[in-house]
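Novice: So that we are looking at the same thing, I have put the structure below in structure tokens.
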There are 2 protein chains.
Amino acid sequence: MKIKEVSERMSVSQDTLRYYEKIHLIPSVKRNASGIREYTTEDLQWIAFIKCMRAAGLSIDALCEYVRLYQEGDATTKQRMQILYDQREVLQKRMEAMHTTLKKLNEKIRHYEQETCL
Amino acid sequence: MKIKEVSERMSVSQDTLRYYEKIHLIPSVKRNASGIREYTTEDLQWIAFIKCMRAAGLSIDALCEYVRLYQEGDATTKQRMQILYDQREVLQKRMEAMHTTLKKLNEKIRHYEQETCL
DNA sequence: GATTGACTTGGAGCAGACTCCAGATGTTAT
DNA sequence: ATAACATCTGGAGTCTGCTCCAAGTCAATC
């Protein structure tokens, strides 16, 4: 599958796809004889994974490291797990902060709603 | 209260405090005769509010708009509420995305943990 | 009155994460 | 074979949100 189709199917711009590959946020994609990217389903899975993690705000740095380790093979499973554990915690912390904010926001809204009722 | 103390008490750098004021993310702070900022408790409340909202990732733009409207007075309550409603939705959407990612992350972790048990 | 430390400003610099562009090459349809 | 479109690359530009710096003013102390 060529980059245009991937871009459309995954809702990621072509530029971003190339950028992600350049910085090794996804493993490098095979090329055909004339140097054009041919994405495999595995590539698509990587993109989906990265997209999901990025949507939650995980840093590109941590994800790059994960991809790097993945490509090194079985010897790195422990380190990869550690990254996952760490990132899970980051995520949980951030969600807690957001929950706190959400409560404050709701209080504020309730306050406004009461004022309006006067 | 001077900027140093505020910075320490609120854990926000002096540069950031000045920056927030410059871009009107907080209302402008009163100065003494020689031009030095004297923060009131109301200023501190604004800083706390902004800090909380920013920690959850609300955009500076939306918050600036809120502050601007606040300073215009009672005529803007509806518009301010709208901002709060909008931002609450943004926040909820983001939290949902994070929840999805968290589940995926947990699946992945479980997968690794099972592999290691072999 | 000279040093020390806090505060001021404007503007430059930076990191993260894209996004855009120009110029070259490849592919497809008529 | 020529137009029209897709893809490639390297590098520049953009946006957000700070962060740092220099050069100057202010305040308290020795």
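Here's how to read the names in the structure tokens: chain A, B, ... by the order shown, residue numbers from 1 in each chain, ligand numbers from 1 in the order shown.
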Residues of chain C within 12 Å of chain B, counting only C-alpha atoms (C1' of nucleotides), what are they? List them as a ChimeraX atom specification.

Specialist: /C:5-10

Novice: Using the selection just defined, write its residues with N, CA and C atoms (P, O5', C5', C4', C3', O3' and C1' of nucleotides) as a compact mmCIF listing (two decimals), in the first residue's frame.

Specialist:
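Result saved to part-v1.txt:
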# COMPACT_ATOMS: atom_id res chain seq x y z
P DG C 5 24.34 38.21 47.24
O5' DG C 5 22.79 38.49 47.02
C5' DG C 5 21.99 38.92 48.11
C4' DG C 5 20.69 39.48 47.57
C3' DG C 5 20.02 38.58 46.52
O3' DG C 5 18.67 38.36 46.93
C1' DG C 5 20.15 40.81 45.74
P DA C 6 17.72 37.51 46.04
O5' DA C 6 16.66 38.60 45.56
C5' DA C 6 15.94 39.36 46.52
C4' DA C 6 15.03 40.33 45.79
C3' DA C 6 14.16 39.68 44.70
O3' DA C 6 12.83 40.18 44.81
C1' DA C 6 15.40 41.46 43.79
P DC C 7 11.68 39.62 43.95
O5' DC C 7 11.58 40.69 42.77
C5' DC C 7 11.18 42.03 43.06
C4' DC C 7 11.38 42.90 41.84
C3' DC C 7 10.75 42.34 40.55
O3' DC C 7 9.50 43.01 40.30
C1' DC C 7 12.90 43.33 40.19
P DT C 8 8.75 42.71 38.92
O5' DT C 8 9.54 43.57 37.83
C5' DT C 8 9.40 45.00 37.84
C4' DT C 8 10.11 45.61 36.65
C3' DT C 8 9.76 44.99 35.30
O3' DT C 8 8.59 45.57 34.76
C1' DT C 8 12.10 45.39 35.47
P DT C 9 7.89 44.86 33.55
O5' DT C 9 8.87 45.14 32.32
C5' DT C 9 9.11 46.49 31.90
C4' DT C 9 10.12 46.49 30.77
C3' DT C 9 9.65 45.66 29.58
O3' DT C 9 9.22 46.55 28.54
C1' DT C 9 11.92 45.11 30.19
P DG C 10 8.44 45.96 27.28
O5' DG C 10 9.63 45.59 26.30
C5' DG C 10 10.71 46.49 26.07
C4' DG C 10 11.74 45.81 25.20
C3' DG C 10 11.11 45.03 24.04
O3' DG C 10 11.83 45.33 22.84
C1' DG C 10 12.42 43.57 25.42

Novice: Compile the contact shell of Asn106 in chain B as a PyMOL selection string: residues with an atom at most 12 Å away, counting only C-alpha atoms (C1' of nucleotides), same-chain residues fewer than 2 positions apart removed.

Specialist: (chain A and resi 81+84-89+91-92) or (chain B and resi 99-104+108-113)

Novice: Taking only C-alpha atoms (C1' of nucleotides) into account, produce a table as a tab-separated table in which each residue of chain B with an atom at most 10 Å from an atom of chain D appears once, together with its shortest atom pair and the distance in Å to one decimal, ordered by chain and rising number.

Specialist:
residue	atom	partner	partner_atom	distance
B:Ser13	CA	D:DT19	C1'	9.4
B:Asp15	CA	D:DT19	C1'	7.2
B:Thr16	CA	D:DC18	C1'	7.0
B:Tyr19	CA	D:DC18	C1'	8.2
B:Tyr20	CA	D:DC18	C1'	9.9
B:Ser34	CA	D:DC26	C1'	7.3
B:Gly35	CA	D:DC26	C1'	9.3
B:Ile36	CA	D:DC26	C1'	8.9
B:Ser59	CA	D:DT16	C1'	9.3
B:Ile60	CA	D:DG17	C1'	8.7

Novice: Kindly save the residues from that selection, with C-alpha atoms included, as a CSV table (one decimal), in the first residue's frame.

Specialist:
chain,number,residue,atom,x,y,z
B,13,SER,CA,8.7,30.4,37.6
B,15,ASP,CA,9.5,34.1,33.9
B,16,THR,CA,6.3,32.2,33.5
B,19,TYR,CA,4.8,35.7,30.5
B,20,TYR,CA,1.3,34.8,31.6
B,34,SER,CA,8.5,51.9,41.5
B,35,GLY,CA,6.8,49.6,39.1
B,36,ILE,CA,7.2,46.4,41.0
B,59,SER,CA,-5.3,25.8,25.6
B,60,ILE,CA,-3.8,29.2,26.5

Novice: I need the residue nearest chain A from this list: B:Ala56, B:Glu72, B:Lys51, B:Glu65. Use only C-alpha atoms for the distance.

Specialist: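 Between B:Ala56, B:Glu72, B:Lys51, B:Glu65, the residue approaching chain A most closely is B:Ala56.
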
Novice: Determine, counting only C-alpha atoms (C1' of nucleotides), which protein, DNA and RNA residues have an atom within 10 Å of an atom of Pro27 in chain A; residues of the same chain fewer than 4 positions away are not included. Present the result as a CSV table (one decimal) with C-alpha atoms, in the first residue's frame.

Specialist:
chain,number,residue,atom,x,y,z
A,20,TYR,CA,7.6,9.5,11.9
A,21,GLU,CA,9.8,7.3,9.9
A,22,LYS,CA,12.6,9.8,9.7
A,23,ILE,CA,12.8,10.1,13.5
A,42,GLU,CA,2.6,-4.7,10.1
A,43,ASP,CA,3.5,-1.1,9.3
A,46,TRP,CA,2.7,0.2,14.1
A,47,ILE,CA,1.1,3.4,12.8
A,64,CYS,CA,11.0,6.0,19.8
A,67,VAL,CA,10.5,1.0,18.8
A,68,ARG,CA,14.3,0.9,18.9
A,70,TYR,CA,11.6,-3.8,19.7
A,71,GLN,CA,13.8,-3.9,16.7
